[in-house]
Amino acid sequence: MQWYVLRVAANKEVQVKDVLAQKVESEGLADIIGRIEVPVERIKRIRGNKQTVHKRKLYPGYVFMEMESTEDGRVPEKAWFMIKGTTGVGDFIGTEGIPTPMRDTDVAKMLLEAERPDEAPSIKVEFSKGDMIKIREGHFENCEGVVDSIDAERGRVEVIVTIFGRPTPLDIEYWQIEKL
């Protein structure tokens, strides 16, 4: 079996995966279709001293399937009609109706990402030192400054703003600022 990439409707990846898995089992296609994956990463967000964990799809709009193809590289007919009859499914990535199998390096990377959903979530901070920012909320709303340091563990950012003509460091939460 080889891995293929299936285009699906946005925000329907998990639903398509679940429906396809049910259809594979009910129609007895386990010999043609193997695993079906939607790799996600867990992201921790801190807002007002409350931590929440969200799952974010690493490849939005795509589902990965392990499948046996015919000798000429096409999808077997039984599997093709089952897949195309599923709501939200587009087409396989490939040319002229023949899906292109994924490279082994890409498969290894995708499987590594898909098999570690239980690891500790990371805080997604999209700022780096020296970025120009604007404060969106809090006492210094609408002030502009420069990111001096980032504490990703606590979700806090130290920003240097100019107040009364003097550079002043502020320690604020990352969600209170935006890039300029």
# chains A, B, ... in the order shown; residues from 1 in each chain; ligands from 1
call {"tool": "closest_atom_pairs", "arguments": {"of": "region 12-49 of chain A", "to": "region 89-108 of chain A", "cutoff": "12 Å", "atoms": "only C-alpha atoms", "output": "Markdown table"}}
result
| residue | atom | partner | partner_atom | distance |
| --- | --- | --- | --- | --- |
| A:Lys12 | CA | A:Val89 | CA | 8.9 |
| A:Glu13 | CA | A:Val89 | CA | 9.0 |
| A:Val14 | CA | A:Val89 | CA | 11.6 |
| A:Gln15 | CA | A:Val89 | CA | 10.3 |
| A:Val16 | CA | A:Val89 | CA | 7.2 |
| A:Lys17 | CA | A:Val89 | CA | 9.9 |
| A:Val19 | CA | A:Val89 | CA | 10.6 |
| A:Leu20 | CA | A:Val89 | CA | 9.8 |
| A:Glu37 | CA | A:Val107 | CA | 11.0 |
| A:Pro39 | CA | A:Val107 | CA | 11.4 |
call {"tool": "write_last_selection", "arguments": {"atoms": "N, CA and C atoms", "output": "JSON list (two decimals), in the first residue's frame"}}
result
[["chain", "number", "residue", "atom", "x", "y", "z"],
["A", 12, "LYS", "N", -13.76, 20.11, 7.06],
["A", 12, "LYS", "CA", -14.50, 18.84, 7.03],
["A", 12, "LYS", "C", -13.55, 17.64, 7.08],
["A", 13, "GLU", "N", -12.27, 17.89, 7.36],
["A", 13, "GLU", "CA", -11.28, 16.83, 7.30],
["A", 13, "GLU", "C", -11.59, 15.68, 8.24],
["A", 14, "VAL", "N", -11.90, 15.99, 9.49],
["A", 14, "VAL", "CA", -12.14, 14.94, 10.49],
["A", 14, "VAL", "C", -13.44, 14.21, 10.17],
["A", 15, "GLN", "N", -14.47, 14.94, 9.73],
["A", 15, "GLN", "CA", -15.73, 14.29, 9.37],
["A", 15, "GLN", "C", -15.53, 13.33, 8.20],
["A", 16, "VAL", "N", -14.79, 13.78, 7.18],
["A", 16, "VAL", "CA", -14.53, 12.93, 6.01],
["A", 16, "VAL", "C", -13.74, 11.69, 6.44],
["A", 17, "LYS", "N", -12.74, 11.87, 7.30],
["A", 17, "LYS", "CA", -11.94, 10.74, 7.79],
["A", 17, "LYS", "C", -12.83, 9.72, 8.48],
["A", 19, "VAL", "N", -16.16, 9.27, 8.27],
["A", 19, "VAL", "CA", -17.12, 8.66, 7.34],
["A", 19, "VAL", "C", -16.41, 7.63, 6.46],
["A", 20, "LEU", "N", -15.23, 7.98, 5.94],
["A", 20, "LEU", "CA", -14.49, 7.03, 5.10],
["A", 20, "LEU", "C", -14.11, 5.78, 5.89],
["A", 37, "GLU", "N", -5.57, 9.37, 7.84],
["A", 37, "GLU", "CA", -5.02, 10.27, 8.86],
["A", 37, "GLU", "C", -5.31, 11.74, 8.56],
["A", 39, "PRO", "N", -3.38, 14.80, 10.37],
["A", 39, "PRO", "CA", -2.43, 15.23, 11.40],
["A", 39, "PRO", "C", -2.83, 16.56, 12.04]]
call {"tool": "closest_residue", "arguments": {"among": "A:Lys179, A:Lys134, A:Lys23, A:Arg7", "to": "Tyr59 (chain A)", "atoms": "only C-alpha atoms"}}
result
A:Arg7
call {"tool": "closest_atom_pairs", "arguments": {"of": "region 7-59 of chain A", "to": "region 63-74 of chain A", "cutoff": "6 Å", "atoms": "only C-alpha atoms", "output": "Markdown table"}}
result
| residue | atom | partner | partner_atom | distance |
| --- | --- | --- | --- | --- |
| A:Ile32 | CA | A:Glu68 | CA | 5.0 |
| A:Ile33 | CA | A:Met67 | CA | 4.4 |
| A:Gly34 | CA | A:Glu66 | CA | 4.9 |
| A:Arg35 | CA | A:Glu66 | CA | 5.2 |
| A:Ile36 | CA | A:Met65 | CA | 4.5 |
| A:Glu37 | CA | A:Phe64 | CA | 5.1 |
| A:Val38 | CA | A:Val63 | CA | 5.5 |
call {"tool": "residues_around", "arguments": {"residues": "Lys55 (chain A)", "least_positions_apart": "4", "cutoff": "8 Å", "atoms": "only C-alpha atoms", "output": "PyMOL selection string"}}
result
chain A and resi 40-43
call {"tool": "write_last_selection", "arguments": {"atoms": "C-alpha atoms", "output": "PDB file, in the first residue's frame"}}
result
ATOM      1  CA  VAL A  40      -3.070  17.832  14.120  1.00  0.00           C
ATOM      2  CA  GLU A  41      -0.979  19.728  16.630  1.00  0.00           C
ATOM      3  CA  ARG A  42      -2.118  20.784  20.072  1.00  0.00           C
ATOM      4  CA  ILE A  43      -1.707  24.462  20.896  1.00  0.00           C
TER       5      ILE A  43
END
call {"tool": "closest_residue", "arguments": {"among": "A:Asp131, A:Glu173, A:Asp18, A:Glu27", "to": "Glu144 (chain A)", "atoms": "only C-alpha atoms"}}
result
A:Asp131
call {"tool": "closest_residue", "arguments": {"among": "A:Leu180, A:Val24, A:Ile83, A:Leu58", "to": "Leu111 (chain A)", "atoms": "only C-alpha atoms"}}
result
A:Leu58
call {"tool": "closest_residue", "arguments": {"among": "A:Met1, A:Met110, A:Ala9, A:Val161", "to": "Met132 (chain A)", "atoms": "only C-alpha atoms"}}
result
A:Val161
